[in-house]
Every structure is written in C-alpha cells, then in structure tokens.
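Notes follow once the structure below has been shown.
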Amino acid sequence: MYSEFLRNAITQRLFVISDPQFGSQRVFDWVPQRRAFGHIDHLHKALVDNWNAVVGADDYVLCLGDFTQNLKDRHASMTLVEKYTGLLNGRKLLIRGNHDAEVTPWYYDCGWNCLIEYPLVFEGNSMRWLPSPTRYGGCLICEVNGRRILFSHFAIHEGEHDDRRYLVEKAHLRKLFKQYDCDLNVHGHTHIRTVDHPRCLSACVETTGFKPLRLGDLLRRYTEECHRACDDDRAIDTEPVAEAG
C-alpha cells in the first residue's frame, strides 16, 4: 500500500510544508512573522486558508514534522491533531517531528495517509525501512528528477544556530545523507534560524509564505539561491584590492 501511495506522491507536484505547529503560543510569541498576524487564532485561520487555497482533495502534501504543538494535556494535544487534520485538504504524509508525540494509530484515525517514523528509502517501486536511534529519527530518501533528496524534520546541519538538542538524530541523518549519496536535505524544525549549508533547504512555514509549496517550486528556489551565492562569491573574488600607501 505504501509503495503505490509514495509512487504517486513523490513527484515535483508534491506539496511540501513544515512546522505549522498549530497550538503553539510559545512559537507564536517567539517568531516575529507569526506575531504579525496579531493573534494565534488569526495565524491558525491563515494557515488553514492558505493550505486549502492551493491544495485540492487529490493533491499530496508532505509535512516535515511539528504539525501541532505537544501539549502537557494529552487530550488537548490529540484534539489539536484531529481538528486541524480534518480542516485541511489533500492526501497527507507526515514525518514525525519532536512535537508530533501522539501514538501512531491516532494520526491514521485522524486522516493522515502515511506516517514516517523511521528512515524510509524509496527507489523505483521498492521501499525499505531502516532502523532509527530514536522515534524522531524518521526521514524519506527518494529521487526526484535526478536529484536524490533526504526529507527530514531536523536539518542535517544547523551550524552556529544549532540548538544543541537532538544531536543523536542529526548525526544519524548526516550518516544516511552521505551513505545514500544525497544531493539535498529538505528539512523543517529551524523556523527562522538560518542553516548556513549549501545542501540544506528549509520548508518551514516562515520560509514558504505560511503555505505548502510544490516541490518543483522549492527546487527552483534552491537553484536560484545557489546561483545567487555563486554570483556573490564571484563578486567577492573580483573586487579590486586597495593598494597599500
């Protein structure tokens, strides 16, 4: 079942999004782009409206984790998942993030079509699950238009802005990235923190206009950013050096 579903989903038309984090007042208070909505309820409405404006019933959407906030009140957390899953269009895939803490069957009961909790390698018509050091080490490795992509919640690199948490998961993802000769890591988790690494591309809602983007559009953005970086490097290399004296 998963194999056919993924074969249909993993194309350039796949929508990708990460970290809507419905129900998180903490993230709302921290992120200026979220506070710009004025109230967390207004943010939630915009996220739902933006999603449904571009995603149809038959479209596939991959969320790279932290769909909702993990609340201390378990019933409230489960209700968040149920409520917002039911409001959103599309055939939905979720890579478990560190706030996606509900038991696996609950996500399927709420309407998710695929939950990725372990590293999953999808090649052609074959798929295989790999072991993970923790429940938050899931990822999807697949090839799209000649690019091998590792989709994950955590970025394989976070540099100086790394929050120093989940080091085991990140180290395992880096190992898989190298082992499977991946070209690009499309990730979430970082929100507004910059990942200064040429192989990392954020799909957090703060970078996508608070809506899902087609994978093809994300890849074009990545290519444009790479070209701009190369142009900047060339400009630096060709700047005249002031003569002494």
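Just remember, in the structure tokens the first chain shown is A, the second B, etc., residues are 1-based per chain, and ligands are 1-based in the order shown.
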I'd like the neighbourhood of range 189-199 of chain A as a ChimeraX atom specification, where a residue qualifies if any of its atoms comes within 10 Å (using only C-alpha atoms), though same-chain residues fewer than 4 positions away should be ignored. /A:18-21,27,30-33,64-66,97-99,149,152-163,182-185,203-207,222,225-226,229
Using backbone DSSP assignments, extract all strand (DSSP E) residues from range 41-121 of chain A; output them as an MDAnalysis selection string. chainID A and resid 60:63 91:95 114:116 119:121
So which residues touch Cys114 in chain A within 8 Å, counting only C-alpha atoms, skipping near sequence neighbours fewer than 2 positions away, as a PyMOL selection string? chain A and resi 2+92-94+108+112+116
Just the selected residues (N, CA and C atoms), exported as a CSV table (one decimal), in the first residue's frame, please.
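The file below, result.csv, is the result:
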```csv
chain,number,residue,atom,x,y,z
A,2,TYR,N,1.9,1.3,0.9
A,2,TYR,CA,2.7,2.5,1.0
A,2,TYR,C,3.5,2.7,-0.4
A,92,LYS,N,-2.3,13.2,2.9
A,92,LYS,CA,-1.3,13.8,3.8
A,92,LYS,C,-0.3,12.8,4.3
A,93,LEU,N,1.0,13.2,4.2
A,93,LEU,CA,2.1,12.4,4.7
A,93,LEU,C,2.8,13.2,5.8
A,94,LEU,N,3.2,12.5,6.9
A,94,LEU,CA,3.8,13.2,8.0
A,94,LEU,C,5.1,12.5,8.4
A,108,TYR,N,-3.5,8.1,11.9
A,108,TYR,CA,-4.2,7.5,10.9
A,108,TYR,C,-5.7,7.6,11.1
A,112,TRP,N,-4.5,11.1,8.5
A,112,TRP,CA,-3.2,11.0,7.8
A,112,TRP,C,-3.1,9.7,7.0
A,116,ILE,N,5.7,8.7,8.8
A,116,ILE,CA,7.1,8.2,8.6
A,116,ILE,C,7.8,8.4,10.0
```
Report as number ranges by chain: the residues of range 134-233 of chain A with a DSSP assignment of helix (DSSP H, G or I), based on the backbone of this structure. A: 159-161, 167-179, 205-207, 215-233
Could you check how far CA of Val48 in chain A sits from CA of Leu80 in chain A, in Å to one decimal?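 Going from CA of Val48 in chain A over to CA of Leu80 in chain A covers 13.1 Å.
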Option closest in space to Leu150 in chain A, from A:Ser132, A:Gln179, A:Asn50, A:Ser77 [counting only C-alpha atoms]: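 Closest residue, counting only C-alpha atoms: A:Gln179.
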Selection: 7 Å around Phe151 in chain A, only C-alpha atoms, excl. self and same-chain fewer than 4 positions, as a PDB file with N, CA and C atoms, in the first residue's frame:
```pdb
ATOM      1  N   CYS A 139      12.934   9.817   8.274  1.00  0.00           N
ATOM      2  CA  CYS A 139      13.214  10.622   7.092  1.00  0.00           C
ATOM      3  C   CYS A 139      12.742   9.848   5.868  1.00  0.00           C
ATOM      4  N   LEU A 140      12.691  10.526   4.754  1.00  0.00           N
ATOM      5  CA  LEU A 140      12.334   9.909   3.475  1.00  0.00           C
ATOM      6  C   LEU A 140      13.441  10.220   2.483  1.00  0.00           C
ATOM      7  N   ILE A 141      14.026   9.181   1.920  1.00  0.00           N
ATOM      8  CA  ILE A 141      15.076   9.336   0.916  1.00  0.00           C
ATOM      9  C   ILE A 141      14.527   8.854  -0.420  1.00  0.00           C
ATOM     10  N   ASN A 185      19.056  18.167   1.356  1.00  0.00           N
ATOM     11  CA  ASN A 185      18.262  17.896   2.552  1.00  0.00           C
ATOM     12  C   ASN A 185      17.171  18.963   2.661  1.00  0.00           C
ATOM     13  N   VAL A 186      15.919  18.560   2.445  1.00  0.00           N
ATOM     14  CA  VAL A 186      14.777  19.452   2.646  1.00  0.00           C
ATOM     15  C   VAL A 186      14.255  19.171   4.051  1.00  0.00           C
ATOM     16  N   HIS A 187      14.210  20.199   4.892  1.00  0.00           N
ATOM     17  CA  HIS A 187      14.003  19.979   6.325  1.00  0.00           C
ATOM     18  C   HIS A 187      13.036  20.988   6.916  1.00  0.00           C
TER      19      HIS A 187
END
```
Find the spatial neighbours of Val121 in chain A, counting only C-alpha atoms, within a cut-off of 9 Å - ignore same-chain residues fewer than 2 positions away - and output them as a compact mmCIF listing (two decimals) with N, CA and C atoms, in the first residue's frame.
```txt
# COMPACT_ATOMS: atom_id res chain seq x y z
N PRO A 119 13.69 5.97 9.13
CA PRO A 119 14.21 6.26 7.80
C PRO A 119 13.59 5.32 6.76
N GLU A 123 12.96 3.77 -3.76
CA GLU A 123 13.66 3.77 -5.05
C GLU A 123 12.85 2.98 -6.05
N SER A 126 10.40 0.06 -5.16
CA SER A 126 10.78 -0.66 -3.94
C SER A 126 10.98 0.33 -2.80
N MET A 127 10.71 -0.13 -1.60
CA MET A 127 10.90 0.69 -0.41
C MET A 127 11.42 -0.17 0.71
N ARG A 128 12.22 0.43 1.57
CA ARG A 128 12.69 -0.32 2.73
C ARG A 128 12.85 0.63 3.91
N TRP A 129 12.45 0.13 5.07
CA TRP A 129 12.58 0.87 6.32
C TRP A 129 13.92 0.55 6.94
N LEU A 130 14.55 1.55 7.52
CA LEU A 130 15.83 1.38 8.19
C LEU A 130 15.66 1.67 9.69
N CYS A 139 12.93 9.82 8.27
CA CYS A 139 13.21 10.62 7.09
C CYS A 139 12.74 9.85 5.87
N LEU A 140 12.69 10.53 4.75
CA LEU A 140 12.33 9.91 3.47
C LEU A 140 13.44 10.22 2.48
N ILE A 141 14.03 9.18 1.92
CA ILE A 141 15.08 9.34 0.92
C ILE A 141 14.53 8.85 -0.42
N CYS A 142 14.54 9.73 -1.42
CA CYS A 142 14.00 9.36 -2.72
C CYS A 142 14.63 10.24 -3.78
```
Return the single residue from A:Tyr180, A:Asp73, A:Thr68, A:Gly216 that is closest to Phe122 in chain A, with distances computed using only C-alpha atoms. A:Tyr180
Which is closer to Gly86 in chain A than all the others in A:Pro105, A:Cys110, A:Lys72, A:Val54, using only C-alpha atoms?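 For Gly86 in chain A, the nearest of the candidates is A:Cys110.
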Applying 8 Å and only C-alpha atoms, which residues near Pro212 in chain A remain after dropping the ones on its own chain fewer than 2 positions away? List them as a VMD selection string. chain A and resid 15 to 17 50 to 51 54 to 55 61 205 208 210 214
